[in-house]
2 protein chains.
Amino acid sequence: MTGEIRRTRQRTHIWDYLGGTAEFLTAQQVHDRLRAGGTPVSLPTVYRTLAAMAEAGEVDQLVGEDGTAYRRCSPHHHHHLICRVCGRTIELTADPVEAWAAEVARAHGFTGITHVTEISGTCPACSASTGL
Amino acid sequence: MTGEIRRTRQRTHIWDYLGGTAEFLTAQQVHDRLRAGGTPVSLPTVYRTLAAMAEAGEVDQLVGEDGTAYRRCSPHHHHHLICRVCGRTIELTADPVEAWAAEVARAHGFTGITHVTEISGTCPACSASTGL
DNA sequence: AGTTTCATGAGAATCATTATCAATTAGGCG
DNA sequence: CGCCTAATTGATAATGATTCTCATGAAACT
């Protein structure tokens, strides 16, 4: 047996593109934007690549109303504050939440705990341009 | 203009069925189980009804890997502790999380905040039967 | 009971996601 | 450097969940 995860042209492009944006993007969006940018990549490849990266922990995966979205994030455990209007995302650390989750799990005897916490709202820029 | 939301046989059945279970169920699951129980309801109706109930705040809606799932819950704001194995769900109140979310929102100038917090793990019963 | 309007259901349409499979390419090795 | 092998790609088809269409049936109101 030889190598495992190959570094291909397509994967590099996807990875690089994800590095240049702060939004969560679906596979379809990544596909569209890469094509629009003159980089031909097939849709199945985008799906496969993003799923593989998520599996490997190289990108964050977020399942929402619009399907599964991905984003390159810092490798530590964290949460997100997302603008509902422009999609801008801010990473958060949330020690109180971690502590609370651990406490709740212990109290109920649950093991193998994972948790999801996302906060969404309207960011200052968008509330300025939209609201008023 | 006259009445708004009618009380039909189908809606009553869906509502009642949801009242008898503690799991989150997808529209498809609700449909299958109602039929299995001898209650004929069409799939589109189940979709429409559950979406309408979620819209009206009568049921909780949870978007996960398996699609959109629904459950009748207490009407207050709360969070869930879910067993990944059997689907059992426990409602939680989480004041520390509320406080933290409000604080984070203020710090970043976000408005119109909503947040999602779900904890999943293996419940005591399932870890006993599965793990060992 | 009559009427009006909304809800239902059967099926078709849509749309995202995944599988199939032949052709291509990355990487290691001689 | 050029070959070999296995992993990757891409075009297309298949799948599967969700939504739409529209004729029929059932609530609510008088």
# chains A, B, ... in the order shown; residues from 1 in each chain; ligands from 1

call {"tool": "interface_residues", "arguments": {"of": "chain D", "to": "chain A", "cutoff": "12 Å", "atoms": "only C-alpha atoms (C1' of nucleotides)", "output": "PDB file with N, CA and C atoms (P, O5', C5', C4', C3', O3' and C1' of nucleotides), in the first residue's frame"}}
result
ATOM      1  P    DT D   5       1.620  -2.718 -12.419  1.00  0.00           P
ATOM      2  O5'  DT D   5       0.864  -2.009 -11.225  1.00  0.00           O
ATOM      3  C5'  DT D   5       1.580  -1.711 -10.025  1.00  0.00           C
ATOM      4  C4'  DT D   5       0.718  -0.865  -9.112  1.00  0.00           C
ATOM      5  C3'  DT D   5      -0.762  -1.264  -9.106  1.00  0.00           C
ATOM      6  O3'  DT D   5      -1.252  -1.212  -7.781  1.00  0.00           O
ATOM      7  C1'  DT D   5      -0.553   1.019  -9.693  1.00  0.00           C
ATOM      8  P    DA D   6      -2.719  -1.784  -7.466  1.00  0.00           P
ATOM      9  O5'  DA D   6      -3.228  -0.699  -6.431  1.00  0.00           O
ATOM     10  C5'  DA D   6      -2.267   0.147  -5.769  1.00  0.00           C
ATOM     11  C4'  DA D   6      -2.870   1.520  -5.561  1.00  0.00           C
ATOM     12  C3'  DA D   6      -4.370   1.476  -5.247  1.00  0.00           C
ATOM     13  O3'  DA D   6      -4.669   2.511  -4.320  1.00  0.00           O
ATOM     14  C1'  DA D   6      -4.014   2.751  -7.182  1.00  0.00           C
ATOM     15  P    DA D   7      -6.053   2.616  -3.632  1.00  0.00           P
ATOM     16  O5'  DA D   7      -6.303   4.182  -3.664  1.00  0.00           O
ATOM     17  C5'  DA D   7      -5.224   5.064  -3.368  1.00  0.00           C
ATOM     18  C4'  DA D   7      -5.471   6.398  -4.041  1.00  0.00           C
ATOM     19  C3'  DA D   7      -6.851   6.971  -3.744  1.00  0.00           C
ATOM     20  O3'  DA D   7      -6.709   8.363  -3.514  1.00  0.00           O
ATOM     21  C1'  DA D   7      -6.554   6.752  -6.085  1.00  0.00           C
ATOM     22  P    DT D   8      -7.984   9.262  -3.302  1.00  0.00           P
ATOM     23  O5'  DT D   8      -8.225   9.872  -4.747  1.00  0.00           O
ATOM     24  C5'  DT D   8      -7.164  10.603  -5.364  1.00  0.00           C
ATOM     25  C4'  DT D   8      -7.686  11.355  -6.566  1.00  0.00           C
ATOM     26  C3'  DT D   8      -9.034  12.043  -6.366  1.00  0.00           C
ATOM     27  O3'  DT D   8      -8.938  13.349  -6.917  1.00  0.00           O
ATOM     28  C1'  DT D   8      -9.151  10.602  -8.233  1.00  0.00           C
ATOM     29  P    DT D   9     -10.123  14.380  -6.780  1.00  0.00           P
ATOM     30  O5'  DT D   9     -10.677  14.497  -8.259  1.00  0.00           O
ATOM     31  C5'  DT D   9      -9.764  14.733  -9.322  1.00  0.00           C
ATOM     32  C4'  DT D   9     -10.423  14.417 -10.643  1.00  0.00           C
ATOM     33  C3'  DT D   9     -11.772  15.113 -10.861  1.00  0.00           C
ATOM     34  O3'  DT D   9     -11.643  16.035 -11.936  1.00  0.00           O
ATOM     35  C1'  DT D   9     -11.834  12.788 -11.476  1.00  0.00           C
ATOM     36  P    DG D  10     -12.734  17.205 -12.093  1.00  0.00           P
ATOM     37  O5'  DG D  10     -13.736  16.547 -13.147  1.00  0.00           O
ATOM     38  C5'  DG D  10     -13.209  16.033 -14.350  1.00  0.00           C
ATOM     39  C4'  DG D  10     -14.300  15.316 -15.137  1.00  0.00           C
ATOM     40  C3'  DG D  10     -15.650  16.027 -15.143  1.00  0.00           C
ATOM     41  O3'  DG D  10     -16.225  15.870 -16.431  1.00  0.00           O
ATOM     42  C1'  DG D  10     -15.917  13.844 -14.287  1.00  0.00           C
ATOM     43  P    DA D  11     -17.185  16.974 -16.991  1.00  0.00           P
ATOM     44  O5'  DA D  11     -18.257  16.034 -17.702  1.00  0.00           O
ATOM     45  C5'  DA D  11     -17.774  14.969 -18.526  1.00  0.00           C
ATOM     46  C4'  DA D  11     -18.864  13.947 -18.778  1.00  0.00           C
ATOM     47  C3'  DA D  11     -20.280  14.497 -18.837  1.00  0.00           C
ATOM     48  O3'  DA D  11     -20.960  13.885 -19.920  1.00  0.00           O
ATOM     49  C1'  DA D  11     -20.141  12.856 -17.135  1.00  0.00           C
ATOM     50  P    DT D  12     -22.472  14.240 -20.201  1.00  0.00           P
ATOM     51  O5'  DT D  12     -23.256  13.096 -19.430  1.00  0.00           O
ATOM     52  C5'  DT D  12     -22.843  11.733 -19.609  1.00  0.00           C
ATOM     53  C4'  DT D  12     -23.605  10.852 -18.651  1.00  0.00           C
ATOM     54  C3'  DT D  12     -25.092  11.204 -18.506  1.00  0.00           C
ATOM     55  O3'  DT D  12     -25.873  10.114 -18.953  1.00  0.00           O
ATOM     56  C1'  DT D  12     -24.081  10.772 -16.408  1.00  0.00           C
TER      57       DT D  12
END

call {"tool": "interface_residues", "arguments": {"of": "chain C", "to": "chain B", "cutoff": "9 Å", "atoms": "only C-alpha atoms (C1' of nucleotides)", "output": "VMD selection string"}}
result
chain C and resid 5 to 10

call {"tool": "interface_residues", "arguments": {"of": "chain B", "to": "chain A", "cutoff": "8 Å", "atoms": "only C-alpha atoms", "output": "number ranges by chain"}}
result
B: 63-65, 83, 94, 96-97, 100-101, 108-124, 127

call {"tool": "write_last_selection", "arguments": {"atoms": "N, CA and C atoms", "output": "short mmCIF file (atom, residue, chain, number, x, y, z; two decimals), in the first residue's frame"}}
result
data_model
loop_
_atom_site.label_atom_id
_atom_site.label_comp_id
_atom_site.auth_asym_id
_atom_site.auth_seq_id
_atom_site.Cartn_x
_atom_site.Cartn_y
_atom_site.Cartn_z
N VAL B 63 -33.05 20.68 12.75
CA VAL B 63 -32.47 20.30 11.47
C VAL B 63 -31.17 19.57 11.73
N GLY B 64 -31.13 18.34 11.34
CA GLY B 64 -29.92 17.55 11.58
C GLY B 64 -29.50 16.81 10.33
N GLU B 65 -28.62 15.86 10.50
CA GLU B 65 -28.08 15.11 9.37
C GLU B 65 -29.18 14.34 8.64
N CYS B 83 -30.18 11.26 23.13
CA CYS B 83 -29.40 10.02 23.06
C CYS B 83 -29.21 9.64 21.59
N ALA B 94 -31.17 26.27 30.36
CA ALA B 94 -29.74 26.54 30.33
C ALA B 94 -29.46 28.02 30.53
N PRO B 96 -27.04 29.52 32.01
CA PRO B 96 -25.68 29.97 31.69
C PRO B 96 -25.51 30.23 30.20
N VAL B 97 -26.14 29.39 29.40
CA VAL B 97 -26.01 29.55 27.96
C VAL B 97 -26.73 30.80 27.49
N TRP B 100 -24.65 33.74 28.40
CA TRP B 100 -23.44 33.81 27.57
C TRP B 100 -23.79 34.32 26.18
N ALA B 101 -24.88 33.81 25.61
CA ALA B 101 -25.28 34.23 24.26
C ALA B 101 -25.58 35.72 24.23
N HIS B 108 -20.38 41.95 20.36
CA HIS B 108 -20.10 42.08 18.93
C HIS B 108 -21.11 42.98 18.21
N GLY B 109 -22.05 43.52 18.95
CA GLY B 109 -23.01 44.43 18.35
C GLY B 109 -24.08 43.76 17.52
N PHE B 110 -24.25 42.47 17.71
CA PHE B 110 -25.29 41.76 16.95
C PHE B 110 -26.66 41.99 17.58
N THR B 111 -27.67 42.02 16.73
CA THR B 111 -29.03 42.20 17.23
C THR B 111 -29.92 41.07 16.71
N GLY B 112 -31.09 40.96 17.28
CA GLY B 112 -32.04 39.94 16.84
C GLY B 112 -31.48 38.54 16.99
N ILE B 113 -30.86 38.30 18.12
CA ILE B 113 -30.15 37.05 18.36
C ILE B 113 -31.08 35.87 18.60
N THR B 114 -30.76 34.75 17.96
CA THR B 114 -31.35 33.47 18.35
C THR B 114 -30.19 32.50 18.47
N HIS B 115 -30.41 31.45 19.20
CA HIS B 115 -29.32 30.50 19.31
C HIS B 115 -29.83 29.07 19.40
N VAL B 116 -28.98 28.17 19.04
CA VAL B 116 -29.31 26.76 19.03
C VAL B 116 -28.27 26.04 19.87
N THR B 117 -28.72 25.22 20.76
CA THR B 117 -27.79 24.41 21.54
C THR B 117 -28.38 23.03 21.73
N GLU B 118 -27.64 22.05 21.28
CA GLU B 118 -28.08 20.67 21.44
C GLU B 118 -26.91 19.85 21.96
N ILE B 119 -27.20 19.00 22.90
CA ILE B 119 -26.17 18.10 23.40
C ILE B 119 -26.58 16.69 23.06
N SER B 120 -25.65 15.92 22.52
CA SER B 120 -25.99 14.53 22.23
C SER B 120 -24.93 13.61 22.82
N GLY B 121 -25.36 12.43 23.16
CA GLY B 121 -24.45 11.45 23.75
C GLY B 121 -25.18 10.12 23.86
N THR B 122 -24.68 9.26 24.70
CA THR B 122 -25.30 7.97 24.88
C THR B 122 -25.91 7.93 26.28
N CYS B 123 -27.19 7.60 26.33
CA CYS B 123 -27.85 7.62 27.63
C CYS B 123 -27.47 6.38 28.44
N PRO B 124 -27.69 6.40 29.72
CA PRO B 124 -27.27 5.29 30.59
C PRO B 124 -27.79 3.94 30.10
N SER B 127 -25.90 2.88 26.93
CA SER B 127 -24.49 2.57 27.11
C SER B 127 -24.36 1.24 27.84
#

call {"tool": "residues_around", "arguments": {"residues": "D:DA17", "least_positions_apart": "3", "cutoff": "10 Å", "atoms": "only C-alpha atoms (C1' of nucleotides)", "output": "list in words"}}
result
Ala27, Gln28 and Gly67 of chain B; DC15 and DA16 of chain C

call {"tool": "write_last_selection", "arguments": {"atoms": "C-alpha atoms (C1' of nucleotides)", "output": "PDB file, in the first residue's frame"}}
result
ATOM      1  CA  ALA B  27     -42.110  13.875   8.371  1.00  0.00           C
ATOM      2  CA  GLN B  28     -41.474  10.543   6.717  1.00  0.00           C
ATOM      3  CA  GLY B  67     -33.240  16.160   7.597  1.00  0.00           C
TER       4      GLY B  67
ATOM      5  C1'  DC C  15     -33.629  19.606  -6.457  1.00  0.00           C
ATOM      6  C1'  DA C  16     -29.772  18.211  -3.749  1.00  0.00           C
TER       7       DA C  16
END

call {"tool": "select_by_dssp", "arguments": {"residues": "chain A", "states": "strand (DSSP E or B)", "output": "ChimeraX atom specification"}}
result
/A:25-26,60-64,67-71,79-83,89-92,111-122

call {"tool": "write_last_selection", "arguments": {"atoms": "N, CA and C atoms", "output": "mmCIF file, in the first residue's frame"}}
result
data_model
loop_
_atom_site.group_PDB
_atom_site.id
_atom_site.type_symbol
_atom_site.label_atom_id
_atom_site.label_comp_id
_atom_site.auth_asym_id
_atom_site.auth_seq_id
_atom_site.Cartn_x
_atom_site.Cartn_y
_atom_site.Cartn_z
ATOM 1 N N LEU A 25 -20.224 27.733 3.342
ATOM 2 C CA LEU A 25 -20.687 27.542 1.978
ATOM 3 C C LEU A 25 -21.093 26.093 1.757
ATOM 4 N N THR A 26 -22.133 25.911 0.966
ATOM 5 C CA THR A 26 -22.535 24.562 0.607
ATOM 6 C C THR A 26 -21.662 24.079 -0.548
ATOM 7 N N ASP A 60 -14.878 22.833 9.102
ATOM 8 C CA ASP A 60 -16.053 22.713 9.956
ATOM 9 C C ASP A 60 -17.279 22.446 9.105
ATOM 10 N N GLN A 61 -18.147 21.637 9.631
ATOM 11 C CA GLN A 61 -19.354 21.246 8.921
ATOM 12 C C GLN A 61 -20.542 21.733 9.723
ATOM 13 N N LEU A 62 -21.505 22.325 9.022
ATOM 14 C CA LEU A 62 -22.653 22.887 9.713
ATOM 15 C C LEU A 62 -23.912 22.491 8.965
ATOM 16 N N VAL A 63 -24.796 21.776 9.622
ATOM 17 C CA VAL A 63 -26.023 21.350 8.963
ATOM 18 C C VAL A 63 -27.131 22.315 9.309
ATOM 19 N N GLY A 64 -27.639 22.995 8.301
ATOM 20 C CA GLY A 64 -28.690 23.973 8.559
ATOM 21 C C GLY A 64 -29.833 23.812 7.589
ATOM 22 N N GLY A 67 -29.081 22.925 3.952
ATOM 23 C CA GLY A 67 -28.245 21.769 3.683
ATOM 24 C C GLY A 67 -26.958 21.826 4.484
ATOM 25 N N THR A 68 -25.957 21.141 4.004
ATOM 26 C CA THR A 68 -24.700 21.042 4.730
ATOM 27 C C THR A 68 -23.711 22.077 4.209
ATOM 28 N N ALA A 69 -23.189 22.889 5.106
ATOM 29 C CA ALA A 69 -22.261 23.932 4.700
ATOM 30 C C ALA A 69 -20.902 23.717 5.373
ATOM 31 N N TYR A 70 -19.864 24.238 4.716
ATOM 32 C CA TYR A 70 -18.507 24.010 5.199
ATOM 33 C C TYR A 70 -17.736 25.314 5.296
ATOM 34 N N ARG A 71 -16.709 25.283 6.117
ATOM 35 C CA ARG A 71 -15.873 26.458 6.296
ATOM 36 C C ARG A 71 -14.550 26.038 6.918
ATOM 37 N N HIS A 79 -17.249 27.695 18.731
ATOM 38 C CA HIS A 79 -18.616 27.880 18.271
ATOM 39 C C HIS A 79 -18.668 29.062 17.334
ATOM 40 N N HIS A 80 -19.860 29.341 16.790
ATOM 41 C CA HIS A 80 -19.957 30.402 15.797
ATOM 42 C C HIS A 80 -21.051 31.405 16.103
ATOM 43 N N LEU A 81 -20.746 32.616 15.726
ATOM 44 C CA LEU A 81 -21.722 33.695 15.746
ATOM 45 C C LEU A 81 -21.890 34.112 14.294
ATOM 46 N N ILE A 82 -23.079 33.905 13.765
ATOM 47 C CA ILE A 82 -23.287 34.059 12.332
ATOM 48 C C ILE A 82 -24.289 35.164 12.033
ATOM 49 N N CYS A 83 -23.968 35.981 11.051
ATOM 50 C CA CYS A 83 -24.911 37.011 10.633
ATOM 51 C C CYS A 83 -25.906 36.397 9.649
ATOM 52 N N THR A 89 -19.132 35.209 9.672
ATOM 53 C CA THR A 89 -19.026 34.287 10.786
ATOM 54 C C THR A 89 -17.887 34.671 11.712
ATOM 55 N N ILE A 90 -18.159 34.638 12.983
ATOM 56 C CA ILE A 90 -17.144 34.934 13.986
ATOM 57 C C ILE A 90 -16.979 33.711 14.870
ATOM 58 N N GLU A 91 -15.747 33.317 15.064
ATOM 59 C CA GLU A 91 -15.510 32.162 15.924
ATOM 60 C C GLU A 91 -15.504 32.582 17.387
ATOM 61 N N LEU A 92 -16.037 31.702 18.199
ATOM 62 C CA LEU A 92 -16.140 32.007 19.616
ATOM 63 C C LEU A 92 -15.579 30.859 20.430
ATOM 64 N N THR A 111 -22.928 9.631 28.314
ATOM 65 C CA THR A 111 -21.505 9.530 28.010
ATOM 66 C C THR A 111 -21.274 9.854 26.538
ATOM 67 N N GLY A 112 -20.017 10.036 26.187
ATOM 68 C CA GLY A 112 -19.673 10.320 24.799
ATOM 69 C C GLY A 112 -20.339 11.567 24.268
ATOM 70 N N ILE A 113 -20.334 12.590 25.088
ATOM 71 C CA ILE A 113 -21.058 13.814 24.776
ATOM 72 C C ILE A 113 -20.401 14.644 23.673
ATOM 73 N N THR A 114 -21.230 15.130 22.767
ATOM 74 C CA THR A 114 -20.795 16.202 21.876
ATOM 75 C C THR A 114 -21.884 17.253 21.924
ATOM 76 N N HIS A 115 -21.545 18.461 21.555
ATOM 77 C CA HIS A 115 -22.584 19.476 21.586
ATOM 78 C C HIS A 115 -22.400 20.466 20.460
ATOM 79 N N VAL A 116 -23.493 21.099 20.122
ATOM 80 C CA VAL A 116 -23.522 22.064 19.036
ATOM 81 C C VAL A 116 -24.100 23.352 19.598
ATOM 82 N N THR A 117 -23.429 24.438 19.349
ATOM 83 C CA THR A 117 -23.973 25.724 19.766
ATOM 84 C C THR A 117 -23.697 26.747 18.687
ATOM 85 N N GLU A 118 -24.733 27.342 18.170
ATOM 86 C CA GLU A 118 -24.580 28.370 17.154
ATOM 87 C C GLU A 118 -25.459 29.550 17.542
ATOM 88 N N ILE A 119 -24.920 30.722 17.395
ATOM 89 C CA ILE A 119 -25.702 31.921 17.650
ATOM 90 C C ILE A 119 -25.841 32.669 16.335
ATOM 91 N N SER A 120 -27.051 33.095 16.026
ATOM 92 C CA SER A 120 -27.208 33.872 14.804
ATOM 93 C C SER A 120 -27.984 35.141 15.098
ATOM 94 N N GLY A 121 -27.703 36.147 14.315
ATOM 95 C CA GLY A 121 -28.365 37.422 14.490
ATOM 96 C C GLY A 121 -27.986 38.323 13.333
ATOM 97 N N THR A 122 -28.143 39.605 13.536
ATOM 98 C CA THR A 122 -27.798 40.566 12.492
ATOM 99 C C THR A 122 -26.589 41.359 12.950
#

call {"tool": "decode", "arguments": {"residues": "chain D", "atoms": "C-alpha atoms (C1' of nucleotides)", "output": "tab-separated table (two decimals), in the first residue's frame"}}
result
chain	number	residue	atom	x	y	z
D	1	DC	C1'	13.38	9.96	-16.46
D	2	DG	C1'	9.57	7.12	-17.54
D	3	DC	C1'	6.56	3.27	-15.98
D	4	DC	C1'	3.14	1.16	-12.82
D	5	DT	C1'	-0.55	1.02	-9.69
D	6	DA	C1'	-4.01	2.75	-7.18
D	7	DA	C1'	-6.55	6.75	-6.09
D	8	DT	C1'	-9.15	10.60	-8.23
D	9	DT	C1'	-11.83	12.79	-11.48
D	10	DG	C1'	-15.92	13.84	-14.29
D	11	DA	C1'	-20.14	12.86	-17.14
D	12	DT	C1'	-24.08	10.77	-16.41
D	13	DA	C1'	-27.57	8.24	-14.24
D	14	DA	C1'	-29.92	6.98	-10.03
D	15	DT	C1'	-31.82	7.91	-5.68
D	16	DG	C1'	-34.56	10.06	-2.35
D	17	DA	C1'	-36.51	13.68	0.14
D	18	DT	C1'	-39.39	17.64	-0.27
D	19	DT	C1'	-42.59	20.61	-2.81
D	20	DC	C1'	-46.04	21.72	-6.33
D	21	DT	C1'	-50.50	21.09	-9.01
D	22	DC	C1'	-55.08	20.70	-9.09
D	23	DA	C1'	-59.40	18.26	-8.66
D	24	DT	C1'	-62.07	16.47	-4.75
D	25	DG	C1'	-63.60	16.45	0.05
D	26	DA	C1'	-64.47	18.46	4.47
D	27	DA	C1'	-64.68	22.56	8.08
D	28	DA	C1'	-66.78	26.55	9.64
D	29	DC	C1'	-70.47	29.98	9.25
D	30	DT	C1'	-75.18	31.48	8.34
